[in-house]
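Shown next: work36.cif, given as mmCIF, C-alpha atoms.
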```
data_work
loop_
_atom_site.label_atom_id
_atom_site.label_comp_id
_atom_site.auth_asym_id
_atom_site.auth_seq_id
_atom_site.Cartn_x
_atom_site.Cartn_y
_atom_site.Cartn_z
CA MET Q 1 0.00 0.00 0.00
CA THR Q 2 1.33 3.43 -0.89
CA VAL Q 3 1.23 6.45 1.40
CA ARG Q 4 -1.67 7.88 -0.62
CA GLN Q 5 -3.59 4.61 -0.35
CA LYS Q 6 -2.98 4.64 3.41
CA ARG Q 7 -4.59 8.10 3.53
CA ILE Q 8 -7.61 6.83 1.60
CA TRP Q 9 -7.89 3.99 4.11
CA ASP Q 10 -7.63 6.37 7.09
CA LEU Q 11 -10.39 8.58 5.65
CA LEU Q 12 -12.73 5.63 5.21
CA VAL Q 13 -12.00 4.28 8.70
CA GLY Q 14 -13.32 7.54 10.16
CA GLU Q 15 -16.47 7.78 8.05
CA SER Q 16 -19.54 5.65 7.37
CA PHE Q 17 -19.50 6.41 3.64
CA LEU Q 18 -17.37 8.54 1.33
CA THR Q 19 -17.77 8.98 -2.40
CA ALA Q 20 -14.78 8.96 -4.76
CA LYS Q 21 -15.35 12.68 -5.29
CA GLU Q 22 -15.25 13.38 -1.53
CA ILE Q 23 -12.07 11.36 -1.09
CA GLY Q 24 -10.52 13.09 -4.09
CA HIS Q 25 -11.42 16.49 -2.64
CA HIS Q 26 -9.68 15.65 0.66
CA LEU Q 27 -6.50 14.36 -1.03
CA HIS Q 28 -6.48 16.63 -4.10
CA ILE Q 29 -6.65 13.72 -6.52
CA SER Q 30 -9.12 12.77 -9.25
CA ASP Q 31 -12.10 10.42 -8.87
CA ARG Q 32 -10.42 8.01 -11.28
CA THR Q 33 -7.25 7.91 -9.16
CA VAL Q 34 -9.36 7.16 -6.06
CA ARG Q 35 -11.11 4.27 -7.81
CA SER Q 36 -7.81 2.93 -9.14
CA ASP Q 37 -6.19 3.05 -5.69
CA ILE Q 38 -9.14 1.32 -4.06
CA LYS Q 39 -9.02 -1.41 -6.69
CA GLU Q 40 -5.31 -1.89 -5.97
CA ILE Q 41 -5.87 -2.00 -2.19
CA ASN Q 42 -8.49 -4.73 -2.65
CA GLY Q 43 -6.20 -6.58 -5.04
CA GLU Q 44 -3.30 -6.59 -2.59
CA ARG Q 45 -5.55 -7.83 0.21
CA GLY Q 46 -6.98 -10.59 -2.00
CA ARG Q 47 -10.59 -9.62 -1.30
CA GLU Q 48 -12.82 -6.55 -1.14
CA VAL Q 49 -11.93 -4.84 2.12
CA ILE Q 50 -13.21 -1.53 0.73
CA LEU Q 51 -16.78 -1.96 -0.48
CA SER Q 52 -19.14 0.34 -2.34
CA LYS Q 53 -22.85 1.00 -2.06
CA LYS Q 54 -24.76 2.62 -4.87
CA GLY Q 55 -25.84 6.16 -4.05
CA GLN Q 56 -23.76 6.33 -0.85
CA GLY Q 57 -20.14 5.65 -1.70
CA TYR Q 58 -17.26 3.58 -0.36
CA TYR Q 59 -17.07 2.06 3.11
CA ILE Q 60 -15.03 -0.40 5.16
CA GLU Q 61 -16.92 -3.33 6.60
CA GLU Q 62 -14.03 -4.59 8.77
CA PRO Q 63 -11.92 -1.61 9.85
CA GLU Q 64 -9.01 -3.65 11.23
CA PRO Q 65 -6.99 -5.34 8.46
CA PHE Q 66 -3.38 -6.03 9.35
CA TRP Q 67 -2.04 -2.82 7.82
CA ASP Q 68 -4.53 -0.19 8.97
CA MET Q 69 -2.40 0.75 11.98
CA ARG Q 70 0.94 0.91 10.17
CA ALA Q 71 2.80 4.19 10.24
CA ALA Q 72 3.23 6.24 7.09
CA GLY Q 73 6.99 5.98 7.58
CA GLU Q 74 6.80 2.19 7.13
CA LEU Q 75 4.81 2.62 3.91
CA GLU Q 76 7.30 5.14 2.59
CA ASN Q 77 10.06 2.66 3.39
CA GLU Q 78 8.26 0.01 1.32
CA GLU Q 79 8.10 2.43 -1.60
CA ASN Q 80 11.84 3.02 -1.24
CA LEU Q 81 12.40 -0.75 -1.33
CA GLU Q 82 10.39 -0.95 -4.55
CA TRP Q 83 12.50 1.69 -6.23
CA GLU Q 84 15.75 0.22 -4.97
CA MET Q 85 14.75 -3.09 -6.54
CA ILE Q 86 13.82 -1.39 -9.83
CA ARG Q 87 17.07 0.58 -9.86
CA ARG Q 88 19.14 -2.57 -9.37
CA ILE Q 89 17.33 -4.49 -12.11
CA LEU Q 90 17.46 -1.62 -14.59
CA PHE Q 91 21.12 -0.88 -14.15
CA THR Q 92 22.56 -4.37 -13.68
CA GLY Q 93 20.37 -6.44 -16.02
CA GLU Q 94 19.70 -9.27 -13.58
CA VAL Q 95 19.85 -9.49 -9.81
CA PRO Q 96 20.19 -12.67 -7.70
CA TYR Q 97 16.86 -13.00 -5.91
CA LEU Q 98 17.97 -14.18 -2.45
CA GLU Q 99 21.00 -11.92 -2.49
CA LEU Q 100 18.77 -8.89 -3.11
CA ALA Q 101 16.42 -9.93 -0.31
CA ASP Q 102 19.39 -10.13 2.09
CA GLU Q 103 20.73 -6.73 1.02
CA MET Q 104 17.30 -5.14 1.49
CA TYR Q 105 16.82 -6.88 4.86
CA VAL Q 106 13.52 -8.47 3.82
CA SER Q 107 12.33 -12.05 3.46
CA ASP Q 108 12.17 -13.67 0.03
CA THR Q 109 8.37 -13.87 0.49
CA PHE Q 110 8.15 -10.13 1.12
CA LEU Q 111 10.38 -9.44 -1.90
CA SER Q 112 8.02 -11.55 -4.01
CA LYS Q 113 5.15 -9.36 -2.80
CA ILE Q 114 7.05 -6.21 -3.83
CA VAL Q 115 7.71 -7.66 -7.29
CA GLY Q 116 4.01 -8.43 -7.73
CA ARG Q 117 2.99 -4.94 -6.64
CA VAL Q 118 5.44 -3.27 -9.04
CA ASN Q 119 4.24 -5.43 -11.93
CA ARG Q 120 0.62 -4.51 -11.21
CA ARG Q 121 1.45 -0.81 -11.20
CA MET Q 122 3.36 -0.99 -14.44
CA ALA Q 123 0.72 -3.12 -16.18
CA GLY Q 124 -1.22 -0.02 -17.24
CA ARG Q 125 1.84 1.40 -19.02
CA MET Q 126 3.50 -1.74 -20.37
CA ARG Q 127 1.58 -3.98 -22.77
CA ASN Q 128 3.59 -7.14 -22.06
CA GLY Q 129 6.27 -8.40 -19.75
CA GLY Q 130 7.52 -7.05 -16.45
CA ILE Q 131 9.90 -8.17 -13.70
CA ARG Q 132 10.33 -11.94 -13.83
CA LYS Q 133 12.17 -14.49 -11.71
CA LYS Q 134 14.45 -16.69 -13.83
CA LYS Q 135 17.04 -19.16 -12.60
CA GLY Q 136 17.17 -17.52 -9.19
CA CYS Q 137 17.48 -13.98 -10.59
CA LEU Q 138 15.12 -11.06 -11.17
CA VAL Q 139 15.16 -9.76 -14.74
CA LEU Q 140 13.19 -7.18 -16.69
CA GLU Q 141 11.41 -8.84 -19.61
CA LEU Q 142 10.34 -6.08 -21.97
CA GLU Q 143 10.80 -5.04 -25.57
CA GLU Q 144 13.52 -2.41 -26.06
CA GLU Q 145 11.05 0.46 -26.51
CA GLU Q 146 9.07 -0.53 -23.42
CA LYS Q 147 12.26 -0.95 -21.42
CA ARG Q 148 13.12 2.63 -22.35
CA ASN Q 149 9.67 3.79 -21.19
CA TYR Q 150 10.11 1.83 -17.96
CA TYR Q 151 13.46 3.53 -17.42
CA ASN Q 152 11.89 6.94 -18.08
CA VAL Q 153 9.27 6.27 -15.40
CA TYR Q 154 12.08 5.55 -12.94
CA ILE Q 155 14.08 8.62 -13.91
CA THR Q 156 11.20 11.09 -13.89
CA THR Q 157 9.67 9.95 -10.63
CA LYS Q 158 12.65 9.03 -8.49
CA ASN Q 159 15.83 10.52 -9.93
CA LEU Q 160 14.99 13.97 -11.25
CA ASN Q 161 12.21 14.63 -8.75
CA GLN Q 162 10.64 17.41 -10.76
CA PHE Q 163 7.50 15.75 -12.09
CA PHE Q 164 4.33 16.27 -10.11
CA GLU Q 165 0.83 14.92 -10.40
CA PRO Q 166 -1.66 17.64 -11.36
CA GLU Q 167 -3.87 16.55 -8.46
CA SER Q 168 -1.28 17.84 -5.99
CA PHE Q 169 -1.67 21.37 -7.32
CA SER Q 170 -5.46 21.62 -7.44
CA PRO Q 171 -5.61 23.92 -4.38
CA TYR Q 172 -3.61 26.56 -6.30
CA PHE Q 173 -6.19 26.78 -9.12
CA GLU Q 174 -9.42 28.26 -7.81
CA TRP Q 175 -11.23 28.57 -11.16
CA VAL Q 176 -9.61 25.76 -13.16
CA ASP Q 177 -10.21 22.05 -12.57
CA ILE Q 178 -6.79 20.76 -13.67
CA CYS Q 179 -7.71 17.20 -12.63
CA TRP Q 180 -10.58 17.28 -15.12
CA ILE Q 181 -8.25 18.66 -17.81
CA LYS Q 182 -5.79 15.81 -17.25
CA GLU Q 183 -8.53 13.20 -17.43
CA LEU Q 184 -9.89 14.79 -20.61
CA VAL Q 185 -6.47 14.73 -22.25
CA LEU Q 186 -5.93 11.09 -21.30
CA GLU Q 187 -9.38 10.20 -22.60
CA LYS Q 188 -8.64 11.85 -25.96
CA LEU Q 189 -5.33 10.00 -26.20
CA GLY Q 190 -7.20 6.70 -26.05
CA SER Q 191 -4.92 3.76 -26.79
CA ARG Q 192 -1.92 6.11 -27.03
CA ARG Q 193 -2.14 7.14 -23.38
CA ASN Q 194 0.45 4.54 -22.36
CA GLN Q 195 3.02 6.52 -24.32
CA PHE Q 196 2.59 9.51 -22.00
CA PHE Q 197 3.21 10.28 -18.36
CA ASP Q 198 1.29 12.76 -16.23
CA ALA Q 199 1.93 16.33 -17.29
CA THR Q 200 4.77 18.21 -15.65
CA ILE Q 201 3.48 21.01 -13.47
CA MET Q 202 5.97 23.05 -11.50
CA ARG Q 203 5.63 25.91 -9.06
CA GLN Q 204 6.50 29.17 -10.80
CA GLU Q 205 9.23 30.05 -8.30
CA GLU Q 206 11.06 26.86 -9.25
CA VAL Q 207 11.30 27.95 -12.89
CA SER Q 208 12.45 31.55 -12.80
CA SER Q 209 14.07 31.59 -16.23
CA VAL Q 210 14.95 28.82 -18.65
CA GLN Q 211 17.25 31.25 -20.44
CA SER Q 212 19.32 31.80 -17.29
CA PHE Q 213 19.62 28.03 -16.81
CA TYR Q 214 20.92 27.63 -20.34
CA LYS Q 215 23.56 30.32 -19.80
CA ARG Q 216 24.81 28.43 -16.76
CA LEU Q 217 24.85 25.04 -18.50
CA PHE Q 218 26.39 25.76 -21.92
CA HIS Q 219 30.01 26.93 -22.14
CA PRO Q 220 32.29 27.66 -25.14
CA SER Q 221 34.92 25.34 -23.67
CA LEU Q 222 32.37 22.48 -23.80
CA PHE Q 223 31.20 23.15 -27.35
CA PHE Q 224 32.75 21.08 -30.17
CA PRO Q 225 31.30 21.94 -33.61
CA GLU Q 226 33.54 19.60 -35.62
CA LEU Q 227 33.79 16.45 -33.52
CA GLU Q 228 35.41 13.43 -35.11
CA ALA Q 229 34.18 10.09 -33.78
CA SER Q 230 33.46 6.74 -35.39
CA SER Q 231 31.22 5.25 -32.67
CA PRO Q 232 28.91 6.29 -29.81
CA ARG Q 233 31.50 5.16 -27.26
CA GLU Q 234 34.25 7.25 -28.87
CA ALA Q 235 32.01 10.34 -28.90
CA LEU Q 236 30.97 9.88 -25.27
CA GLU Q 237 34.54 9.18 -24.16
CA PHE Q 238 35.73 12.44 -25.70
CA LEU Q 239 32.91 14.59 -24.30
CA SER Q 240 33.18 12.95 -20.89
CA SER Q 241 36.93 13.54 -20.80
CA GLN Q 242 36.36 17.25 -21.44
CA LEU Q 243 33.86 17.46 -18.59
CA GLU Q 244 36.28 15.66 -16.28
CA ARG Q 245 39.28 17.75 -17.34
CA GLN Q 246 37.37 20.95 -16.55
CA GLY Q 247 36.21 19.71 -13.15
CA TYR Q 248 32.53 19.09 -13.83
CA VAL Q 249 32.56 15.32 -13.19
CA ASN Q 250 34.82 12.70 -11.67
CA HIS Q 251 36.36 9.58 -13.21
CA THR Q 252 33.24 7.43 -12.57
CA PHE Q 253 31.02 9.56 -14.80
CA LEU Q 254 31.82 7.88 -18.11
CA GLU Q 255 31.10 4.40 -16.77
CA SER Q 256 27.69 5.57 -15.54
CA VAL Q 257 26.91 7.19 -18.91
CA LEU Q 258 27.85 4.04 -20.81
CA GLY Q 259 25.76 2.00 -18.38
CA ARG Q 260 22.78 4.22 -19.13
CA GLU Q 261 23.27 3.68 -22.86
CA GLU Q 262 23.26 -0.08 -22.33
CA VAL Q 263 19.84 0.13 -20.70
CA ALA Q 264 18.46 1.88 -23.80
CA PRO Q 265 20.09 4.30 -26.26
CA THR Q 266 19.23 7.96 -25.62
CA VAL Q 267 18.95 8.73 -29.32
CA PHE Q 268 16.05 10.58 -30.98
CA GLU Q 269 14.87 9.81 -34.50
CA ASN Q 270 15.81 13.31 -35.71
CA GLY Q 271 19.46 12.34 -35.32
CA PHE Q 272 20.48 13.76 -31.95
CA VAL Q 273 21.37 12.23 -28.60
CA ILE Q 274 20.76 13.54 -25.09
CA SER Q 275 22.94 11.31 -22.97
CA HIS Q 276 23.40 11.39 -19.21
CA ALA Q 277 24.56 9.29 -16.29
CA MET Q 278 22.29 6.97 -14.34
CA GLU Q 279 22.43 9.19 -11.27
CA ASN Q 280 22.86 12.95 -10.75
CA THR Q 281 26.32 13.00 -9.15
CA ALA Q 282 28.27 15.63 -11.11
CA VAL Q 283 30.42 18.11 -9.18
CA ARG Q 284 28.93 20.96 -11.23
CA SER Q 285 26.15 20.92 -13.81
CA ALA Q 286 26.92 21.50 -17.48
CA ILE Q 287 26.00 20.35 -20.98
CA CYS Q 288 28.78 19.28 -23.32
CA VAL Q 289 27.89 19.49 -27.02
CA GLY Q 290 29.45 17.64 -29.94
CA ILE Q 291 28.44 18.27 -33.57
CA LEU Q 292 29.82 15.35 -35.52
CA LYS Q 293 31.65 15.87 -38.80
CA GLU Q 294 30.06 12.70 -40.11
CA ARG Q 295 26.94 10.97 -38.87
CA ILE Q 296 27.50 7.76 -36.91
CA PRO Q 297 25.15 4.80 -36.23
CA TRP Q 298 23.59 5.06 -32.77
CA GLY Q 299 20.87 2.58 -31.89
CA ASP Q 300 18.43 2.61 -34.80
CA CYS Q 301 19.44 6.08 -36.02
CA ASN Q 302 22.30 7.96 -37.63
CA VAL Q 303 23.40 10.70 -35.27
CA LYS Q 304 24.75 14.15 -36.08
CA MET Q 305 24.65 15.85 -32.66
CA VAL Q 306 25.38 14.72 -29.11
CA PHE Q 307 24.37 16.49 -25.88
CA LEU Q 308 26.06 15.03 -22.79
CA LEU Q 309 24.38 16.20 -19.59
CA ALA Q 310 26.38 16.38 -16.37
CA LEU Q 311 23.92 17.02 -13.56
CA ALA Q 312 24.68 17.80 -9.95
CA PRO Q 313 22.12 16.76 -7.29
CA ASN Q 314 21.11 20.38 -6.61
CA TRP Q 315 19.90 20.73 -10.21
CA ASN Q 316 17.18 18.10 -9.87
CA GLN Q 317 14.35 20.58 -9.59
CA ASN Q 318 15.62 22.79 -12.42
CA MET Q 319 16.12 20.30 -15.24
CA ALA Q 320 12.51 19.75 -16.34
CA PRO Q 321 12.10 23.11 -18.14
CA VAL Q 322 15.63 22.92 -19.60
CA TYR Q 323 15.06 19.40 -20.91
CA ASN Q 324 11.58 20.17 -22.24
CA VAL Q 325 12.72 23.27 -24.12
CA MET Q 326 15.64 21.37 -25.62
CA ILE Q 327 13.47 18.49 -26.85
CA SER Q 328 10.76 20.81 -28.16
CA SER Q 329 13.29 22.88 -30.09
CA MET Q 330 15.24 19.93 -31.49
CA MET Q 331 12.08 18.27 -32.80
CA LYS Q 332 11.08 21.28 -34.91
CA PRO Q 333 11.56 20.77 -38.67
CA GLY Q 334 14.87 22.18 -39.86
CA THR Q 335 16.34 22.82 -36.39
CA MET Q 336 18.88 19.99 -36.57
CA ARG Q 337 20.15 21.14 -39.96
CA GLN Q 338 20.44 24.77 -38.85
CA LEU Q 339 22.14 23.99 -35.53
CA SER Q 340 24.64 21.61 -37.12
CA ARG Q 341 26.02 24.51 -39.20
CA ILE Q 342 26.65 26.81 -36.23
CA LYS Q 343 30.26 27.08 -35.01
CA ASP Q 344 29.78 29.49 -32.10
CA CYS Q 345 28.44 28.37 -28.71
CA LYS Q 346 26.49 31.56 -27.96
CA ALA Q 347 24.81 31.54 -31.38
CA PHE Q 348 24.03 27.84 -30.90
CA VAL Q 349 22.29 28.44 -27.56
CA ASN Q 350 20.38 31.46 -28.87
CA HIS Q 351 19.06 29.43 -31.80
CA LEU Q 352 18.15 26.55 -29.48
CA LEU Q 353 16.09 28.97 -27.39
CA SER Q 354 14.45 30.73 -30.32
#
```
Before we go any further, please render this structure as structure tokens.
Amino acid sequence: MTVRQKRIWDLLVGESFLTAKEIGHHLHISDRTVRSDIKEINGERGREVILSKKGQGYYIEEPEPFWDMRAAGELENEENLEWEMIRRILFTGEVPYLELADEMYVSDTFLSKIVGRVNRRMAGRMRNGGIRKKKGCLVLELEEEEKRNYYNVYITTKNLNQFFEPESFSPYFEWVDICWIKELVLEKLGSRRNQFFDATIMRQEEVSSVQSFYKRLFHPSLFFPELEASSPREALEFLSSQLERQGYVNHTFLESVLGREEVAPTVFENGFVISHAMENTAVRSAICVGILKERIPWGDCNVKMVFLLALAPNWNQNMAPVYNVMISSMMKPGTMRQLSRIKDCKAFVNHLLS
């Protein structure tokens, strides 16, 4: 049970009946999210512990299941265990099952429960596959594209920490029902909704100026308009060495970047790459740019331009607008061709922001 689900449970324990709308109002979440969470709570318990009555709402018939008195801190710890397991599987390929249970200080039975819960949560996003136990190890069985989506879920929710659910910000919008807007968008997406994550909504004070962020991240000494490289590794080795030489990262950075590429290439179909390490551990944040003299094969694409992001932990909350502007600009028709001809760092950044 997540912390939010625990709050739903606590609300129902104190009331005879509550509708999904009333619960959503208390927790600033949508009716659909309430119904989804209640379904998951019942699924984890193996029976309907939260019941519904037409015209009155949800209620708890037996208000004393084994977890109704657990502290929120314990639930948060379980969520941390989930993400630690996901991180290990994503970045190492396969993890010995019993060894992981020992390292996490949980029983193998409890670890099995965590695996099941994670698979249920990801089922709505991933069409097939999930975390599987094979020959005593946990492995992620997904197609390459879905593995990349799975990785993106991990990065956006646990590593960058800048993505928020619209429901959390409802109190700040007196005249706009942003929960309804999100549900409407998802409804219009139909079968394509699994390709998208909840919209990024940030407090205005956290995004004072994307332009100022770009000026702090791009530097002439990290801009290489005529890079010669014959492979992705060679390009990343060069750019990483420049970041290390100038004191932005340490010697472990390159290994982490290459490890990220092994999980799934960070290439976009337009012919550019936005590569980064698996964790935000840079000494200082910067973006190193390489415009290749000749395109090189990278995943399923031929790449002309490489952005290597070095991110320090204190930049977690600032990267969403920077990343979004970069992607939006690079995907515009003609942008790649125009940028690849620019030899000056300042002119490059100005065009990227235009």
Expanded to explicit residues, what is the PyMOL selection byres ((chain Q and resi 139) around 10) for this file, as a PDB file with C-alpha atoms, keeping the file's coordinate frame?
```pdb
ATOM      1  CA  ILE Q  86      13.820  -1.390  -9.830  1.00  0.00           C
ATOM      2  CA  ARG Q  88      19.140  -2.570  -9.370  1.00  0.00           C
ATOM      3  CA  ILE Q  89      17.330  -4.490 -12.110  1.00  0.00           C
ATOM      4  CA  LEU Q  90      17.460  -1.620 -14.590  1.00  0.00           C
ATOM      5  CA  THR Q  92      22.560  -4.370 -13.680  1.00  0.00           C
ATOM      6  CA  GLY Q  93      20.370  -6.440 -16.020  1.00  0.00           C
ATOM      7  CA  GLU Q  94      19.700  -9.270 -13.580  1.00  0.00           C
ATOM      8  CA  VAL Q  95      19.850  -9.490  -9.810  1.00  0.00           C
ATOM      9  CA  PRO Q  96      20.190 -12.670  -7.700  1.00  0.00           C
ATOM     10  CA  TYR Q  97      16.860 -13.000  -5.910  1.00  0.00           C
ATOM     11  CA  GLY Q 130       7.520  -7.050 -16.450  1.00  0.00           C
ATOM     12  CA  ILE Q 131       9.900  -8.170 -13.700  1.00  0.00           C
ATOM     13  CA  ARG Q 132      10.330 -11.940 -13.830  1.00  0.00           C
ATOM     14  CA  LYS Q 133      12.170 -14.490 -11.710  1.00  0.00           C
ATOM     15  CA  LYS Q 134      14.450 -16.690 -13.830  1.00  0.00           C
ATOM     16  CA  LYS Q 135      17.040 -19.160 -12.600  1.00  0.00           C
ATOM     17  CA  GLY Q 136      17.170 -17.520  -9.190  1.00  0.00           C
ATOM     18  CA  CYS Q 137      17.480 -13.980 -10.590  1.00  0.00           C
ATOM     19  CA  LEU Q 138      15.120 -11.060 -11.170  1.00  0.00           C
ATOM     20  CA  LEU Q 140      13.190  -7.180 -16.690  1.00  0.00           C
ATOM     21  CA  GLU Q 141      11.410  -8.840 -19.610  1.00  0.00           C
ATOM     22  CA  LEU Q 142      10.340  -6.080 -21.970  1.00  0.00           C
TER      23      LEU Q 142
END
```
*Excluding same-chain residues fewer than 6 positions from Gly57 in chain Q, what lies within 8 Å of it counting all atoms listed in the file, as a ChimeraX atom specification?*
/Q:17-20
For the selection you just gave me, I'd like the residues written to a file as a PDB file, in the coordinates of the input, keeping C-alpha atoms.
```
ATOM      1  CA  PHE Q  17     -19.500   6.410   3.640  1.00  0.00           C
ATOM      2  CA  LEU Q  18     -17.370   8.540   1.330  1.00  0.00           C
ATOM      3  CA  THR Q  19     -17.770   8.980  -2.400  1.00  0.00           C
ATOM      4  CA  ALA Q  20     -14.780   8.960  -4.760  1.00  0.00           C
TER       5      ALA Q  20
END
```
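Across the chains present, the PyMOL selection byres ((chain Q and resi 257) around 9) applied to this file returns Leu236, Ser240, Thr252, Phe253, Leu254, Glu255, Ser256, Leu258, Gly259, Arg260, Glu261, Glu262, Ser275, His276, Ala277, Met278 and Leu308 of chain Q.
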_Report, in Å to a single decimal, how far apart CA of Cys301 in chain Q and CA of Ser340 in chain Q are._
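Pair CA of Ser340 in chain Q / CA of Cys301 in chain Q returns 16.4 Å.
Taking CA of Leu339 in chain Q as the reference point, CA of Glu294 in chain Q is found at 14.5 Å.
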*asked:* One number please: CA of Val273 in chain Q to CA of Glu82 in chain Q, in Å, one decimal.
replied: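 Going from CA of Val273 in chain Q over to CA of Glu82 in chain Q covers 29.5 Å.
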*What's the 8 Å shell around range 99-103 of chain Q, counting all atoms listed in the file, without same-chain residues fewer than 5 positions away, as a VMD selection string?*
chain Q and resid 85 108 111
*Where does the PyMOL selection byres ((chain Q and resi 282) around 10) land in this file, that is, which residues does it pick, as a ChimeraX atom specification?*
/Q:243-244,247-250,252-253,277,279-281,283-286,309-315
May I have the selected residues written with C-alpha atoms, as a CSV table (one decimal), keeping the file's coordinate frame?
```csv
chain,number,residue,atom,x,y,z
Q,243,LEU,CA,33.9,17.5,-18.6
Q,244,GLU,CA,36.3,15.7,-16.3
Q,247,GLY,CA,36.2,19.7,-13.2
Q,248,TYR,CA,32.5,19.1,-13.8
Q,249,VAL,CA,32.6,15.3,-13.2
Q,250,ASN,CA,34.8,12.7,-11.7
Q,252,THR,CA,33.2,7.4,-12.6
Q,253,PHE,CA,31.0,9.6,-14.8
Q,277,ALA,CA,24.6,9.3,-16.3
Q,279,GLU,CA,22.4,9.2,-11.3
Q,280,ASN,CA,22.9,13.0,-10.8
Q,281,THR,CA,26.3,13.0,-9.2
Q,283,VAL,CA,30.4,18.1,-9.2
Q,284,ARG,CA,28.9,21.0,-11.2
Q,285,SER,CA,26.2,20.9,-13.8
Q,286,ALA,CA,26.9,21.5,-17.5
Q,309,LEU,CA,24.4,16.2,-19.6
Q,310,ALA,CA,26.4,16.4,-16.4
Q,311,LEU,CA,23.9,17.0,-13.6
Q,312,ALA,CA,24.7,17.8,-10.0
Q,313,PRO,CA,22.1,16.8,-7.3
Q,314,ASN,CA,21.1,20.4,-6.6
Q,315,TRP,CA,19.9,20.7,-10.2
```
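Distance check against Glu226 in chain Q using only C-alpha atoms: of Q:Leu81, Q:Ser241, Q:Ser30, Q:Lys293, the minimum falls on Q:Lys293.
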*Would you mind telling me which residue in Q:Glu143, Q:Glu237, Q:Asp37, Q:Asp344 lies nearest to Arg120 in chain Q when using only C-alpha atoms?*
Q:Asp37
When you look at Val303 in chain Q with a cut-off of 10 Å (counting all atoms listed in the file), what residues show up, excluding the ones that are within fewer than 3 positions of it in the same chain? I need them as a tab-separated table (two decimals) with C-alpha atoms, in the coordinates of the input.
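File written: out-v3.tsv
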```tsv
chain	number	residue	atom	x	y	z
Q	231	SER	CA	31.22	5.25	-32.67
Q	232	PRO	CA	28.91	6.29	-29.81
Q	267	VAL	CA	18.95	8.73	-29.32
Q	268	PHE	CA	16.05	10.58	-30.98
Q	269	GLU	CA	14.87	9.81	-34.50
Q	270	ASN	CA	15.81	13.31	-35.71
Q	271	GLY	CA	19.46	12.34	-35.32
Q	272	PHE	CA	20.48	13.76	-31.95
Q	273	VAL	CA	21.37	12.23	-28.60
Q	291	ILE	CA	28.44	18.27	-33.57
Q	292	LEU	CA	29.82	15.35	-35.52
Q	294	GLU	CA	30.06	12.70	-40.11
Q	295	ARG	CA	26.94	10.97	-38.87
Q	296	ILE	CA	27.50	7.76	-36.91
Q	297	PRO	CA	25.15	4.80	-36.23
Q	298	TRP	CA	23.59	5.06	-32.77
Q	299	GLY	CA	20.87	2.58	-31.89
Q	300	ASP	CA	18.43	2.61	-34.80
Q	306	VAL	CA	25.38	14.72	-29.11
```
_Selected residue, from Q:Phe238, Q:Tyr214, Q:Phe307, Q:Tyr323, that lies nearest to Lys346 in chain Q when counting only C-alpha atoms_ =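 Nearest candidate to Lys346 in chain Q out of Q:Phe238, Q:Tyr214, Q:Phe307, Q:Tyr323: Q:Tyr214.
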*Rank nothing, just name the residue among Q:Pro225, Q:Val115, Q:Arg4, Q:His351 nearest to His28 in chain Q, using all atoms listed in the file.*
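The closest residue to His28 in chain Q is Q:Arg4.
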*Shortest interatomic distance to Arg32 in chain Q - which of Q:Met104, Q:Leu352, Q:Leu184, Q:Cys288, counting only C-alpha atoms*: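 Closest residue, counting only C-alpha atoms: Q:Leu184.
Distances to Trp180 in chain Q were evaluated for Q:Leu217, Q:Ile29, Q:Met336, Q:Val263 using all atoms listed in the file, and the minimum falls at Q:Ile29.
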